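One structure is given below, encoded as structure tokens.
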Amino acid sequence: MADARALPGRRLDARLILAGAWLAIVLIAAIFAPLVAPHDPLMQDLMLERLPPFWMPGSEPGFWLGTDSLGRDLLSRLIFGARIALIVAFAAAIAACVVGSTLGLIAGYFGGWPDRIISRIVDIWMAFPPVLFAILLVAVFGTGLMSVIIAIAVIDWTRFCRVIRAEAMSQSRMDYVENARIAGFGRFRIMISEVLSNVLPSIVALLSLEMGIAVIVEAILSFVNLSISSDDPTWGGIIAEGRLSIHQAWWVLVFPLIALFLTVLSFSQFGEGLKSRFDPVLR
Amino acid sequence: MIFQRFLIRLLTMAITLLGVSVVVFVIIRVAPGDPIAMMLPPGASDDDIARLRALYGLDRSIVEQYFIWFSGVLQGNFGTSISLRQDVMSLVLSRLPATLELSIFALFIALLIGGPLAILGAREQGTAVEAGIDVANGAALSIPDFLWGLALILLFGVLWPVFHISGRVSPRLDLPFVTQFYLFESILRFRFDLTKDLIGHMFMPALALALPLAAIISQLLKISLKEVMTLDYVTLARVKGFSETSVILREALKNAALPTLTLIGVQFTFLIGGTVIIERLFSYEGLGNMAIDAVINRDLPLIQGIVLVFALIFVLINLAVDMMYALLNPRLRHG
């Protein structure tokens with residue numbers, strides 16, 4: 001983007017730092033959830049149902065963000081929900097990246113019929129409504145963490161495939177690839193290293209973006225009650241509860257929504273920030 | 001030239017649809033869980049199950065099942081919904097108009113927000129106004145429709161309840177409509193009381209769908225406008241004494257719109273894909289909401305029908321955009 005180039009370096013850093021800071025907070029909260037969370041996220045206490053957040057009248061000390069309609073501590077549920085969100089984000093994005101990049105490399109390097117087949121599959125994939133595709137896949141694989149991860153990878157590999165394919169195509173036409181072959185070097189290996197060094201900034205940005213998308217898809221799936229078992233707290237599951245009790249306890253919807261907003265925004269900004277730092281053209 | 005291009009596109013479109021039908025067929029046939037067992041009472045005998053299985057053709061091999069289903073599809077017969085026990089085609093047709101109206105209304109909102117912002121940004125190049133528009137675009141782009149929908153529910157459904165946040169139309173209203181295109185029909189019948197109620201329901205979900213697209217339109221159109229505005233003929237118009245706004249509207253916009261138009265096509269398919277979860281969120285009775293129920297109920301024929309209809313809409317939009325591009329782009333028109 002022309003605009004990104006015009007931005008002064010300092011502003012890019014601020015974006016990177018802010019996004020990175022939020023992601024670090026979520027990551028630490030997720031890793032140390034049992035230590036950080038003030039309460040058991042599953043403990044119900046009907047005496048404590050729908051407590052408002054700490055600054056409102058009627059709140060209880062220790063329940064910072066209030067409780068849901070079963071008296072469960074919202075902050076603790078959000079902290080444990082971050083675990084699921086991040087596991088899905090990392091695993092699904094990396095899986096999509098590996099599958100997509102491999103197929104993109106094959107299509108772009110070999111051209112011909114492998115390219116035609118892979119491109120046709122990408123076209124078919126693009127004709128599916130992604131959310132419906134995800135819901136369908138999870139329904140097929142059965143609910144559970146693994147299904148959610150596989151479903152997201154199965155749907156979103158095309159993003160990586162298209163970028164890598166285009167790059168591999170332009171690289172394989174370069175003279176140096178041919179020269180390398182004449183000089184007795186492995187053409188494929190050289191091209192891979194060249195393609196990789198050229199697309200790495202885009203891949204990093206895409207990977208980060210994809211993590212944000214995975215977090216959203218997981219939230220959507222648990223919102224329609226198709227993600228992991230409904231006992232484990234997930235951000236989407238909390239949102240679904242919040243949507244139902246919106247007129248009695250708005251905070252049950254607001255806080256997971258803020259967590260999702262910040263996380264998704266941070267993943268995309270972090271990716272963009274890294275990209276413009278590492279991209280030799282932009283730098 | 002254009003005709004040839006059209007034929008090639010038509011062929012790839014058919015292959016894509018065929019591929020979609022195979023993929024969805026294979027996916028749901030390998031699904032564990034027996035749809036027949038789900039529709040019978042617990043006490044059903046094995047004979048009953050076998051009979052019903054044969055009725056829906058589920059006792060044959062997957063390849064056979066596919067060809068039976070596919071030859072039906074070619075004749076416009078998508079089978080019978082297992083959970084609703086109605087013809088899939090008529091179920092889909094009864095819900096499709098609601099989704100189309102929502103999508104088109106959302107596209108309309110996106111153009112209405114994105115277009116003026118692009119023009120404003122291009123006119124105020126390099127100022128704080130342009131920077132503000134960039135920041136707003138960046139935020140609107142990174143946040144998906146699902147989160148916008150939830151935020152809108154909180155803002156305009158709870159905090160300041162001015163819009164409806166669930167359903168398509170108020171249930172107490174008496175609807176005189178003969179088609180399922182409620183919004184269009186209410187306008188054509190001059191029943192503006194109903195139009196108002198429909199828009200009151202549709203505005204929130206449509207806005208949630210529109211915001212990311214509005215950001216894309218605004219960003220891309222602005223960039224194209226800025227490029228076009230450095231060209232000689234635009235400078236000439238300026239020299240003639242036209243104001244900057246009328247230079248943009250009269251001269252630059254026409255030539256800057258083409259790349260945006262192509263992109264809107266692809267993005268519009270993403271928007272339609274987004275209706276699935278947005279309809280769920282706002283309990284809007286469209287195709288997407290029905291699709292989620294179909295998946296939850298393992299209603300195989302209905303899922304197949306809905307996915308295929310979505311895919312058909314997607315490839316048709318891409319085809320339309322491609323043709324429009326070919327017709328409007330002078331280089332392709334004469335080449």
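The way I read the labels, and the way they are meant: chains A, B, ... in the order of the structure tokens, residue 1 as the first residue of every chain, and ligand 1 as the first ligand shown, with later ones counted on from there.
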With 7 Å as the cut-off and only C-alpha atoms counted, what is the closest atom pair between each nearby residue of range 21-129 of chain A and range 164-168 of chain A? Distances in Å to one decimal, ordered by chain and number, as a tab-separated table.
residue	atom	partner	partner_atom	distance
A:Ser101	CA	A:Ile164	CA	5.8
A:Gly104	CA	A:Arg165	CA	4.1
A:Leu105	CA	A:Arg165	CA	5.5
A:Ala107	CA	A:Arg165	CA	6.0
A:Gly108	CA	A:Arg165	CA	4.4
A:Tyr109	CA	A:Ala168	CA	5.7
Selection above as a file: N, CA, C and O atoms, as a PDB file, in the first residue's frame:
ATOM      1  N   SER A 101       0.773 -23.215   1.341  1.00  0.00           N
ATOM      2  CA  SER A 101       2.065 -22.863   0.753  1.00  0.00           C
ATOM      3  C   SER A 101       2.599 -24.015  -0.095  1.00  0.00           C
ATOM      4  O   SER A 101       3.133 -23.791  -1.183  1.00  0.00           O
ATOM      5  N   GLY A 104       0.594 -24.160  -3.247  1.00  0.00           N
ATOM      6  CA  GLY A 104       0.894 -22.975  -4.045  1.00  0.00           C
ATOM      7  C   GLY A 104       2.247 -23.100  -4.725  1.00  0.00           C
ATOM      8  O   GLY A 104       2.417 -22.727  -5.898  1.00  0.00           O
ATOM      9  N   LEU A 105       3.201 -23.654  -4.007  1.00  0.00           N
ATOM     10  CA  LEU A 105       4.543 -23.839  -4.552  1.00  0.00           C
ATOM     11  C   LEU A 105       4.518 -24.843  -5.710  1.00  0.00           C
ATOM     12  O   LEU A 105       5.117 -24.616  -6.764  1.00  0.00           O
ATOM     13  N   ALA A 107       1.923 -25.624  -7.588  1.00  0.00           N
ATOM     14  CA  ALA A 107       1.200 -25.038  -8.723  1.00  0.00           C
ATOM     15  C   ALA A 107       2.077 -24.027  -9.451  1.00  0.00           C
ATOM     16  O   ALA A 107       2.173 -24.030 -10.678  1.00  0.00           O
ATOM     17  N   GLY A 108       2.736 -23.174  -8.693  1.00  0.00           N
ATOM     18  CA  GLY A 108       3.510 -22.108  -9.307  1.00  0.00           C
ATOM     19  C   GLY A 108       4.783 -22.607  -9.956  1.00  0.00           C
ATOM     20  O   GLY A 108       5.211 -22.097 -10.983  1.00  0.00           O
ATOM     21  N   TYR A 109       5.396 -23.624  -9.394  1.00  0.00           N
ATOM     22  CA  TYR A 109       6.674 -24.097  -9.916  1.00  0.00           C
ATOM     23  C   TYR A 109       6.468 -24.983 -11.133  1.00  0.00           C
ATOM     24  O   TYR A 109       7.102 -24.802 -12.169  1.00  0.00           O
TER      25      TYR A 109
END
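With the cut-off set to 6 Å and only C-alpha atoms counted, chain A residues close to chain B are Ile124, Ala127, Phe128, Pro129, Val140 and Leu265 of chain A.
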With all heavy atoms retained, write the just-selected residues as a short mmCIF file (atom, residue, chain, number, x, y, z; two decimals), in the first residue's frame.
data_model
loop_
_atom_site.label_atom_id
_atom_site.label_comp_id
_atom_site.auth_asym_id
_atom_site.auth_seq_id
_atom_site.Cartn_x
_atom_site.Cartn_y
_atom_site.Cartn_z
N ILE A 124 -13.12 -23.70 -6.75
CA ILE A 124 -14.25 -24.41 -6.13
C ILE A 124 -14.38 -23.99 -4.66
O ILE A 124 -15.46 -23.67 -4.19
CB ILE A 124 -14.08 -25.94 -6.25
CG1 ILE A 124 -14.20 -26.35 -7.72
CG2 ILE A 124 -15.09 -26.68 -5.40
CD1 ILE A 124 -13.82 -27.79 -7.99
N ALA A 127 -16.02 -20.77 -3.99
CA ALA A 127 -17.45 -20.68 -4.25
C ALA A 127 -18.28 -21.15 -3.06
O ALA A 127 -19.50 -21.16 -3.11
CB ALA A 127 -17.81 -21.50 -5.50
N PHE A 128 -17.60 -21.56 -1.98
CA PHE A 128 -18.31 -21.95 -0.77
C PHE A 128 -18.46 -20.74 0.15
O PHE A 128 -17.50 -20.00 0.34
CB PHE A 128 -17.53 -23.00 0.01
CG PHE A 128 -17.76 -24.41 -0.44
CD1 PHE A 128 -16.93 -25.01 -1.35
CD2 PHE A 128 -18.84 -25.12 0.08
CE1 PHE A 128 -17.15 -26.32 -1.75
CE2 PHE A 128 -19.05 -26.43 -0.32
CZ PHE A 128 -18.21 -27.03 -1.24
N PRO A 129 -19.64 -20.54 0.74
CA PRO A 129 -19.71 -19.51 1.78
C PRO A 129 -18.89 -20.00 2.98
O PRO A 129 -19.20 -21.07 3.52
CB PRO A 129 -21.19 -19.42 2.12
CG PRO A 129 -21.86 -20.51 1.40
CD PRO A 129 -20.92 -21.19 0.49
N VAL A 140 -19.52 -32.37 10.52
CA VAL A 140 -19.09 -33.65 9.98
C VAL A 140 -18.02 -34.30 10.85
O VAL A 140 -18.10 -35.47 11.20
CB VAL A 140 -18.56 -33.47 8.54
CG1 VAL A 140 -17.82 -34.72 8.08
CG2 VAL A 140 -19.70 -33.17 7.60
N LEU A 265 -8.03 -7.19 16.00
CA LEU A 265 -7.37 -5.98 15.53
C LEU A 265 -5.85 -6.10 15.72
O LEU A 265 -5.07 -5.77 14.83
CB LEU A 265 -7.90 -4.78 16.32
CG LEU A 265 -7.73 -3.39 15.71
CD1 LEU A 265 -8.44 -3.31 14.38
CD2 LEU A 265 -8.27 -2.34 16.66
#
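CA of Gly20 in chain A sits 28.3 Å away from CA of Ser147 in chain A.
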Q | Exercise: Glu285 in chain B partners within 10 Å, only C-alpha atoms, chain neighbours under 5 positions left out, as a list in words | A | Ser94, Arg95, Leu96, Ala98, Thr99, Ser166, Gly167, Arg168, Val169, Glu279, Arg280 and Met290 of chain B
Q: Would you mind reading off the distance between CA of Gly265 in chain B and CA of Ile317 in chain B, one decimal, in Å?
A: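 We find that CA of Gly265 in chain B and CA of Ile317 in chain B lie 6.3 Å from each other.
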Q | Residue neighbourhood Ala21 in chain A, 12 Å, only C-alpha atoms, exclusion window fewer than 6 positions, as a PyMOL selection string | A | chain A and resi 13-15+27-28+262-263+266-267+269-270
Using N, CA and C atoms, can you export the residues from the last selection as a PDB file, in the first residue's frame?
ATOM      1  N   ASP A  13       6.074   1.482  14.524  1.00  0.00           N
ATOM      2  CA  ASP A  13       6.523   0.829  15.741  1.00  0.00           C
ATOM      3  C   ASP A  13       5.446   0.888  16.818  1.00  0.00           C
ATOM      4  N   ALA A  14       4.794   2.048  16.928  1.00  0.00           N
ATOM      5  CA  ALA A  14       3.743   2.191  17.939  1.00  0.00           C
ATOM      6  C   ALA A  14       2.649   1.159  17.699  1.00  0.00           C
ATOM      7  N   ARG A  15       2.297   0.986  16.429  1.00  0.00           N
ATOM      8  CA  ARG A  15       1.263   0.026  16.080  1.00  0.00           C
ATOM      9  C   ARG A  15       1.699  -1.388  16.473  1.00  0.00           C
ATOM     10  N   LEU A  27      -1.678 -13.904  25.673  1.00  0.00           N
ATOM     11  CA  LEU A  27      -0.872 -15.127  25.688  1.00  0.00           C
ATOM     12  C   LEU A  27      -0.504 -15.521  27.113  1.00  0.00           C
ATOM     13  N   ILE A  28      -0.046 -14.536  27.897  1.00  0.00           N
ATOM     14  CA  ILE A  28       0.345 -14.830  29.279  1.00  0.00           C
ATOM     15  C   ILE A  28      -0.865 -15.283  30.084  1.00  0.00           C
ATOM     16  N   LEU A 262     -10.158  -6.503  20.322  1.00  0.00           N
ATOM     17  CA  LEU A 262      -8.750  -6.163  20.495  1.00  0.00           C
ATOM     18  C   LEU A 262      -7.844  -7.244  19.918  1.00  0.00           C
ATOM     19  N   THR A 263      -8.220  -8.495  20.115  1.00  0.00           N
ATOM     20  CA  THR A 263      -7.364  -9.582  19.649  1.00  0.00           C
ATOM     21  C   THR A 263      -7.306  -9.621  18.124  1.00  0.00           C
ATOM     22  N   SER A 266      -5.433  -6.630  16.868  1.00  0.00           N
ATOM     23  CA  SER A 266      -4.001  -6.762  17.147  1.00  0.00           C
ATOM     24  C   SER A 266      -3.335  -7.731  16.182  1.00  0.00           C
ATOM     25  N   PHE A 267      -3.990  -8.856  15.913  1.00  0.00           N
ATOM     26  CA  PHE A 267      -3.384  -9.819  14.981  1.00  0.00           C
ATOM     27  C   PHE A 267      -3.183  -9.183  13.614  1.00  0.00           C
ATOM     28  N   GLN A 269      -3.016  -5.918  12.831  1.00  0.00           N
ATOM     29  CA  GLN A 269      -2.055  -4.810  12.872  1.00  0.00           C
ATOM     30  C   GLN A 269      -0.631  -5.319  13.103  1.00  0.00           C
ATOM     31  N   PHE A 270      -0.508  -6.344  13.922  1.00  0.00           N
ATOM     32  CA  PHE A 270       0.800  -6.933  14.197  1.00  0.00           C
ATOM     33  C   PHE A 270       1.392  -7.494  12.902  1.00  0.00           C
TER      34      PHE A 270
END
**Q.** Asp87 in chain B environment, 12 Å, only C-alpha atoms, sequence neighbours closer than 6 positions dropped, as a ChimeraX atom specification
**A.** /B:76-81,93-94,301-302,305
(Q) Which residues are close to range 53-66 of chain B, i.e. within 8 Å by only C-alpha atoms, leaving aside same-chain residues fewer than 6 positions away? Reply as a list in words. (A)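 After dropping sequence-adjacent residues, the list is Val22, Phe25, Val26, Arg29 and Ile36 of chain B.
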How would the residues just picked look written out with C-alpha atoms as a PDB file, in the first residue's frame?
ATOM      1  CA  VAL B  22     -19.112 -33.227  -5.508  1.00  0.00           C
ATOM      2  CA  PHE B  25     -21.815 -34.458  -1.418  1.00  0.00           C
ATOM      3  CA  VAL B  26     -18.698 -36.315  -0.310  1.00  0.00           C
ATOM      4  CA  ARG B  29     -21.878 -38.570   3.151  1.00  0.00           C
ATOM      5  CA  ILE B  36     -32.662 -41.337   9.366  1.00  0.00           C
TER       6      ILE B  36
END
Q: Mind checking which residues fall within 12 Å of Asp232 in chain A, counting only C-alpha atoms, ignoring those fewer than 5 positions away in the same chain, and posting them as an NGL selection string?
A: :A and (40-43 or 76-85 or 144-145 or 222 or 225 or 227 or 237-238)
Q. Taking only C-alpha atoms into account, which of B:Ile165, B:Phe190, B:Gly149, B:Ala208 comes nearest Leu257 in chain A?
A. B:Gly149
Q) Using the chain letters and numbers from this document, which residues of range 10-239 of chain A does DSSP assign to alpha helix (DSSP H), as a PyMOL selection string? A) chain A and resi 10-31+33-36+74-110+112-126+130-141+145-172+175-182+187-223+235-239
(Q) Could you tell me how far CA of Pro259 in chain B sits from CA of Asp123 in chain A, in Å to one decimal place? (A) 20.9 Å
Q.
Taking only C-alpha atoms into account, name the residue in B:Leu152, B:Arg51, B:Arg172, B:Leu120 that is nearest to Leu207 in chain B.
A.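 Going through B:Leu152, B:Arg51, B:Arg172, B:Leu120 one by one, the smallest distance to Leu207 in chain B is for B:Leu152.
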Q.
Restricting the calculation to only C-alpha atoms: of A:Ala30, A:Met56, A:Leu274, A:Gln44, which residue gets closest to Ile203 in chain A?
A.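 Smallest separation from Ile203 in chain A among the options: A:Leu274.
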Q: Point out the residue among B:Val135, B:Leu287, B:Ile216, B:Ile199 with the least atom-to-atom distance to Leu100 in chain B, counting only C-alpha atoms.
A: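 For Leu100 in chain B, the nearest of the given residues is B:Leu287.
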